[in-house]
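Okay, so here's the structure we're looking at.
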Amino acid sequence: MTASAVSAIRACYDAGLSAVSFSVLAGAAAIAAVGPLRARLEAALARGDALEGKRAAALLRAAAVLLLLGALALKAVQYLSFQLLSDAAVIANTAASVLDGRGLACSIDGTPSVLTVHFAFFIPLFLSPLLLAWPSILVLALAQAAAVVSCIAAAYRIAARTSRWAGLLAATAVACHPLLHELLTANVENAVWGAPLALWGLERWTAGRRPWAVWLWVLALTTRESFPFTVAGLGVWWALTEGRENRSRVPIAAAVVLGAALLWLLEMKVVWSHAYGDSLNAGYWSRYAHFGANSTEVMATVFRRPWRLALWMLRPEGWVLLLREAALMGLAPLAAPAALLLYAASASHYLLQETYNLSVQNASYVFGPLAFAAASGLARLDAHPRLAGRRAWLAVPVLLAAGIGLRDASRVVHPSLGLDIVSAGPALVGRVPRGASVWADEFAGLWLSARPQVKLLRVGGLPVRFERLLFRPEYVLLRKVSAATMPPEERARTFSFFAREGYVAVADSGPLVLVKDPEAPHGRSGSPALSLPPGSGDPALAARWLGALFDSERTRTALAAYPPDLRVEPYAAEEHVNLGRALSGRGLYPLASSHFRAALALQPDLLEAHNNLGNALMAQGRMAEAEASLRAALARAPGNSKVRYNLGNVLLKTGKLAEAAAQFEAGLAAEPRNAQLLNSLGAAHLLSGRRDAARAAFEAALAVDPGLTDAAENLRVLGRRAKGS
């Protein structure tokens, strides 16, 4: 796989979706506008020969196989081009830990149990045996893609009990809906399985196989703590669809709804009981900050003031979003009110949040019930007596929505993510023995994540909780620019350890280098625990080790002006920005400027490149160019207070005091407690002769940050001037 091949696949995929979108829109227009065509289709449907018979069944099966193979191929490309992100590696690492007898521990996140994060363990517990046959995250990714695509088959089976025509329309609506493509794009993630498990459970229930349905829903409970909301919806849906002769349906449904609420509380209690220190799930409750400042206050609102939850859920923004997703199913869900309530109940945990996010895996708990509502609605409409002789018209809204949906659908293959290592990565990854403990770049390390001992090194520094469950790695797969530009303390701590222990490079390929522990392998029991406390590093030793690591005849010649420990060649726009920052930190502003310009050549709208280029030019005294660069940054992010601070400082230095003050004030409108902005605003006022306003700004800056020496010095200068006058 090469970068050009990935780009070509992306282009073909885009063209294919666009062609299908145009075709289904044209089909909708033709059926609506061309009477003879509609009449012929209606006649075929009336005779029952349009989609019946062995030939039609064979064509439908062939289409299903092609869809499955296409989804698997796209997921494989996503893997081969290093476009699955670190969340996927967390899942694979946890699954490997289960197989290794370490329970639900995750060395990547540094957590003794992934229950610290979510009530989600479906993949590690039930799919980890797949790694015995094929110890790669790819097998988990392919299984997930197949499960997502199976939603199309489930919708077809639900609607096809009325007719194959209804089934085909349901399958089309589901296959072309943007949320299905969000799930196909998603990382390997427990939550993604919520949609197929929920939908196949509904298919089995409506087919009369209720024990199978219950088992599937029990499995879905292990995908995330969101599924109890779907369980509550299932109770309401069952009460509305069960025959009236069953007098116990209402109390049973009420018990299911109450049980779902208690189940959610129990799952959250389990998650919270696993929390420790800077727990990953601490951010969960921030989604509900409008109900309380912490988990205790949020739950108090749930029990004591439940009407606040109901009022919040009535906000129109959320319902508009849900209606939009239903409209992209051709409005078919509206024909199945009971299933529509199931859809709304499943979305209620989104409606309770301050913002709505249905991207990638977040779409899962909405999409399953939505697909069921669409299939149920189309089945009802197809069988409705008033539509006898007009069933062909059902295709018009479905195809219209499908065409629009495909146009908005996420593309599984990203245009640039991971392409800088797509050629270099496989060769170096292949040098790491199966089962060896490893620290690795967060993108290349994805291929190495299906093992118990893995740590990912993020672009820009060590991840949070890196020191938790830390071990001495047998191999280290480094991205050169990330290693060179790591924050100073982290860089010193990490690479002075490698220097002291004698880690040496064993393979080098473009942006990546593979380093090995001289004591490897460590044995079957795994690598020993390691402690690298903050402040334990030697910056000079780390710099010498990195300089030796990067040393080559090419770097000595082509990068002679660079410090030895920064002699690396960026391959992506973000890498140019990171190296430029590191060079700026050494006072090498002309070199830094060249990298910021290189980043902009690759990605003209990259905000950080414009902003940092402006700062580097300002440091060189090239004020007009600095102002132009920072104004370009501001045009791309008018609300960015950091850009306004930098632009204001350029204006301040060029004597444009009123304009500088305006920039600082605009920045403070977004960040009123930004001490740097307050101090600079005070400086602008002081230079303008507005001493009272300057004093107020300096005092406000010190109130926010008493240790801000610039503000304290400015206040002393102001005092001396006041005495002198």
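Each chain in the structure tokens gets a letter, A, B and so on, in the order shown; residues start at 1 in every chain, and ligands are counted from 1 in the order they appear.
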Self-check item: Residue set, stretch 615-695 of chain A restricted to helix (DSSP H, G or I), as JSON, numbers by chain
Solution: {"A": [615, 616, 617, 618, 619, 623, 624, 625, 626, 627, 628, 629, 630, 631, 632, 633, 634, 635, 636, 641, 642, 643, 644, 645, 646, 647, 648, 649, 650, 651, 652, 653, 657, 658, 659, 660, 661, 662, 663, 664, 665, 666, 667, 668, 669, 670, 675, 676, 677, 678, 679, 680, 681, 682, 683, 684, 685, 686, 687, 691, 692, 693, 694, 695]}
Practice problem: Name the residues in contact with stretch 236-243 of chain A at a cut-off of 6 Å, using only C-alpha atoms, excluding same-chain residues fewer than 5 positions from it; report them as an MDAnalysis selection string. | Solution: chainID A and resid 249:250 253 338 342
Practice problem: Among the residues of stretch 264-492 of chain A, find those DSSP assigns to strand (DSSP E or B) from the backbone and print them as a list in words. | Solution: Val438, Trp439, Ala440, Asp441, Val454, Lys455, Leu456, Leu457, Arg458, Gly461, Phe471, Tyr475, Val476, Leu477, Leu478 and Arg479 of chain A
Quiz prompt | For A:Leu606: contacts at 10 Å, only C-alpha atoms, fewer than 6 positions along chain excluded, given as a PyMOL selection string | solution = chain A and resi 573-574+577+596+599-600+633+636
Self-check item: Among the residues A:Val360, A:Ala371, A:Tyr343, A:Val504, the one that comes closest to A:Ala154 [using only C-alpha atoms]
Solution: A:Ala371
List every residue of stretch 46-139 of chain A that has an atom at most 10 Å from any atom of stretch 454-468 of chain A, and for each one report the closest atom pair and its distance in Å to one decimal, counting only C-alpha atoms, with rows sorted by chain and then by increasing residue number, as a tab-separated table.
```
residue	atom	partner	partner_atom	distance
A:Ser86	CA	A:Leu456	CA	7.8
A:Ala89	CA	A:Leu456	CA	8.8
A:Val90	CA	A:Val454	CA	9.2
A:Asn93	CA	A:Val454	CA	7.1
A:Cys106	CA	A:Val454	CA	8.6
A:Ser107	CA	A:Val454	CA	5.9
A:Ile108	CA	A:Lys455	CA	4.7
A:Asp109	CA	A:Arg465	CA	6.5
A:Gly110	CA	A:Arg468	CA	4.5
A:Thr111	CA	A:Arg468	CA	7.1
A:Pro112	CA	A:Arg468	CA	8.9
```
Restrict the selected residues to C-alpha atoms and save them as a PDB file, in the first residue's frame.
```pdb
ATOM      1  CA  SER A  86      -5.725   5.088  19.325  1.00  0.00           C
ATOM      2  CA  ALA A  89      -5.734   0.210  19.828  1.00  0.00           C
ATOM      3  CA  VAL A  90      -7.160   0.435  23.352  1.00  0.00           C
ATOM      4  CA  ASN A  93      -4.923  -4.164  23.768  1.00  0.00           C
ATOM      5  CA  CYS A 106      -5.377  -1.786  29.394  1.00  0.00           C
ATOM      6  CA  SER A 107      -1.693  -0.879  29.379  1.00  0.00           C
ATOM      7  CA  ILE A 108      -2.231   1.804  26.714  1.00  0.00           C
ATOM      8  CA  ASP A 109      -4.584   3.802  28.915  1.00  0.00           C
ATOM      9  CA  GLY A 110      -2.840   2.760  32.110  1.00  0.00           C
ATOM     10  CA  THR A 111      -6.064   1.466  33.630  1.00  0.00           C
ATOM     11  CA  PRO A 112      -6.437  -1.799  35.592  1.00  0.00           C
TER      12      PRO A 112
END
```
Practice problem: Considering only C-alpha atoms, return as a PyMOL selection string whatever protein or nucleic-acid residues lie within 9 Å of A:Glu569, sequence-local ones (same chain, fewer than 5 positions apart) excluded. | Solution: chain A and resi 480-481+510-511+555+559+575-576+579
Can those selected residues be exported to a file as a compact mmCIF listing (two decimals), in the first residue's frame so that it contains N, CA, C and O atoms?
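This is the output file result.txt:
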```txt
# COMPACT_ATOMS: atom_id res chain seq x y z
N LYS A 480 10.18 10.03 14.21
CA LYS A 480 11.34 10.87 14.48
C LYS A 480 10.96 12.29 14.89
O LYS A 480 11.48 12.84 15.87
N VAL A 481 10.06 12.91 14.15
CA VAL A 481 9.69 14.30 14.47
C VAL A 481 9.03 14.37 15.84
O VAL A 481 9.29 15.29 16.62
N GLY A 510 12.52 6.16 6.67
CA GLY A 510 11.86 7.45 6.49
C GLY A 510 11.50 8.11 7.80
O GLY A 510 12.38 8.43 8.61
N PRO A 511 10.21 8.31 8.06
CA PRO A 511 9.81 9.04 9.27
C PRO A 511 9.89 8.22 10.55
O PRO A 511 9.72 8.77 11.63
N THR A 555 21.67 13.62 6.95
CA THR A 555 21.28 14.66 7.90
C THR A 555 22.46 15.59 8.20
O THR A 555 22.27 16.80 8.40
N LEU A 559 21.01 18.92 6.74
CA LEU A 559 20.49 19.62 7.91
C LEU A 559 21.61 20.11 8.81
O LEU A 559 21.50 20.12 10.03
N GLU A 575 3.71 17.94 11.29
CA GLU A 575 5.09 17.70 11.71
C GLU A 575 5.96 18.94 11.45
O GLU A 575 6.84 19.27 12.25
N HIS A 576 5.73 19.61 10.33
CA HIS A 576 6.46 20.85 10.06
C HIS A 576 6.18 21.88 11.16
O HIS A 576 7.09 22.58 11.61
N LEU A 579 8.04 20.82 14.41
CA LEU A 579 9.48 21.07 14.32
C LEU A 579 9.75 22.57 14.33
O LEU A 579 10.72 23.04 14.96
```
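When atom CA of A:Phe227 is paired with atom CA of A:Gly70, their separation reads 28.9 Å.
Nearest to A:Ser423 of all the residues A:Phe121, A:Tyr571, A:Phe664, A:Phe497 is A:Tyr571, based on only C-alpha atoms.
For the pair atom CA of A:Arg407 and atom CA of A:Ala326, the interatomic distance is 16.2 Å.
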Quiz item: Leaving out A:His685 and any residue of its chain fewer than 5 positions from it, which residues lie within 9 Å of it when counting only C-alpha atoms, given as a ChimeraX atom specification?
Solution: /A:657-658,661,680,690-695,697
Expected file contents, prior selection, all heavy atoms, as an mmCIF file, in the first residue's frame:
```cif
data_model
loop_
_atom_site.group_PDB
_atom_site.id
_atom_site.type_symbol
_atom_site.label_atom_id
_atom_site.label_comp_id
_atom_site.auth_asym_id
_atom_site.auth_seq_id
_atom_site.Cartn_x
_atom_site.Cartn_y
_atom_site.Cartn_z
ATOM 1 N N LEU A 657 -1.751 51.422 18.627
ATOM 2 C CA LEU A 657 -2.213 51.136 19.984
ATOM 3 C C LEU A 657 -3.716 50.878 20.059
ATOM 4 O O LEU A 657 -4.165 49.980 20.778
ATOM 5 C CB LEU A 657 -1.828 52.301 20.907
ATOM 6 C CG LEU A 657 -0.320 52.624 20.952
ATOM 7 C CD1 LEU A 657 -0.060 53.790 21.898
ATOM 8 C CD2 LEU A 657 0.473 51.405 21.366
ATOM 9 N N ALA A 658 -4.506 51.654 19.350
ATOM 10 C CA ALA A 658 -5.960 51.469 19.404
ATOM 11 C C ALA A 658 -6.355 50.116 18.814
ATOM 12 O O ALA A 658 -7.203 49.401 19.367
ATOM 13 C CB ALA A 658 -6.652 52.602 18.653
ATOM 14 N N ALA A 661 -5.357 47.369 21.308
ATOM 15 C CA ALA A 661 -6.310 47.267 22.419
ATOM 16 C C ALA A 661 -7.595 46.578 21.971
ATOM 17 O O ALA A 661 -8.183 45.768 22.711
ATOM 18 C CB ALA A 661 -6.605 48.659 22.970
ATOM 19 N N SER A 680 -1.448 42.556 28.502
ATOM 20 C CA SER A 680 -1.160 43.260 27.242
ATOM 21 C C SER A 680 -2.129 44.408 27.013
ATOM 22 O O SER A 680 -1.742 45.466 26.484
ATOM 23 C CB SER A 680 -1.223 42.267 26.075
ATOM 24 O OG SER A 680 -0.159 41.347 26.151
ATOM 25 N N ARG A 690 -3.553 56.146 29.122
ATOM 26 C CA ARG A 690 -4.773 55.912 29.919
ATOM 27 C C ARG A 690 -4.382 55.118 31.162
ATOM 28 O O ARG A 690 -4.520 53.896 31.237
ATOM 29 C CB ARG A 690 -5.790 55.167 29.064
ATOM 30 C CG ARG A 690 -6.244 56.001 27.855
ATOM 31 C CD ARG A 690 -6.784 55.163 26.732
ATOM 32 N NE ARG A 690 -7.965 54.419 27.108
ATOM 33 C CZ ARG A 690 -8.539 53.498 26.347
ATOM 34 N NH1 ARG A 690 -8.012 53.219 25.151
ATOM 35 N NH2 ARG A 690 -9.610 52.859 26.747
ATOM 36 N N ARG A 691 -3.845 55.854 32.150
ATOM 37 C CA ARG A 691 -3.229 55.195 33.296
ATOM 38 C C ARG A 691 -4.220 54.447 34.178
ATOM 39 O O ARG A 691 -3.922 53.368 34.696
ATOM 40 C CB ARG A 691 -2.459 56.235 34.115
ATOM 41 C CG ARG A 691 -1.263 56.804 33.365
ATOM 42 C CD ARG A 691 -0.490 57.776 34.227
ATOM 43 N NE ARG A 691 0.680 58.288 33.523
ATOM 44 C CZ ARG A 691 1.543 59.142 34.045
ATOM 45 N NH1 ARG A 691 1.339 59.609 35.280
ATOM 46 N NH2 ARG A 691 2.580 59.554 33.335
ATOM 47 N N ASP A 692 -5.384 55.026 34.389
ATOM 48 C CA ASP A 692 -6.371 54.358 35.242
ATOM 49 C C ASP A 692 -6.820 53.028 34.627
ATOM 50 O O ASP A 692 -6.932 52.007 35.318
ATOM 51 C CB ASP A 692 -7.576 55.267 35.467
ATOM 52 C CG ASP A 692 -7.228 56.470 36.346
ATOM 53 O OD1 ASP A 692 -6.204 56.399 37.050
ATOM 54 O OD2 ASP A 692 -7.987 57.460 36.307
ATOM 55 N N ALA A 693 -7.071 53.045 33.326
ATOM 56 C CA ALA A 693 -7.466 51.815 32.642
ATOM 57 C C ALA A 693 -6.329 50.806 32.662
ATOM 58 O O ALA A 693 -6.546 49.590 32.821
ATOM 59 C CB ALA A 693 -7.881 52.113 31.199
ATOM 60 N N ALA A 694 -5.081 51.284 32.508
ATOM 61 C CA ALA A 694 -3.926 50.390 32.548
ATOM 62 C C ALA A 694 -3.804 49.735 33.914
ATOM 63 O O ALA A 694 -3.582 48.521 34.032
ATOM 64 C CB ALA A 694 -2.657 51.161 32.210
ATOM 65 N N ARG A 695 -3.936 50.569 34.999
ATOM 66 C CA ARG A 695 -3.840 50.026 36.352
ATOM 67 C C ARG A 695 -4.900 48.946 36.582
ATOM 68 O O ARG A 695 -4.616 47.882 37.142
ATOM 69 C CB ARG A 695 -3.992 51.155 37.381
ATOM 70 C CG ARG A 695 -3.830 50.676 38.837
ATOM 71 C CD ARG A 695 -4.090 51.834 39.806
ATOM 72 N NE ARG A 695 -3.205 52.961 39.531
ATOM 73 C CZ ARG A 695 -1.933 53.017 39.945
ATOM 74 N NH1 ARG A 695 -1.415 52.018 40.641
ATOM 75 N NH2 ARG A 695 -1.212 54.076 39.659
ATOM 76 N N ALA A 697 -6.328 47.019 34.413
ATOM 77 C CA ALA A 697 -6.010 45.812 33.647
ATOM 78 C C ALA A 697 -4.881 45.025 34.305
ATOM 79 O O ALA A 697 -4.937 43.796 34.413
ATOM 80 C CB ALA A 697 -5.642 46.180 32.211
#
```
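With atom CA of A:Leu469 on one side and atom CA of A:Glu489 on the other, the separation reads 20.1 Å.
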Quiz item: Nearest to A:Pro487: which of A:Ala635, A:Ala582, A:Ala499, A:Leu59 is it, counting only C-alpha atoms?
Solution: A:Ala582
Exercise. Do a neighbour search on A:Ala76 at 10 Å with only C-alpha atoms, toss out local chain neighbours closer than 4 positions, and write the hits as a PyMOL selection string.
Key: chain A and resi 70-72+80-82+138-139+141-142+145+413
Exercise. Identify, on the basis of only C-alpha atoms, every residue whose closest approach to A:Val214 does not exceed 12 Å; exclude the query and any residue fewer than 2 positions from it along the same chain; express the result as an MDAnalysis selection string.
Key: chainID A and resid 197:206 208:212 216:221 231 234
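Nearest to A:Arg164 of all the residues A:Leu607, A:Ala300, A:Leu45, A:Ala105 is A:Leu45, based on only C-alpha atoms.
Shortest atom-to-atom contact with A:Thr223 among A:Val114, A:Ala558, A:Ala336, A:Ala310: A:Val114, counting only C-alpha atoms.
Among the candidates A:Ala392, A:Ala28, A:Arg315, A:Leu352, the residue lying nearest to A:Ala44 is A:Ala392 (atoms considered: only C-alpha atoms).
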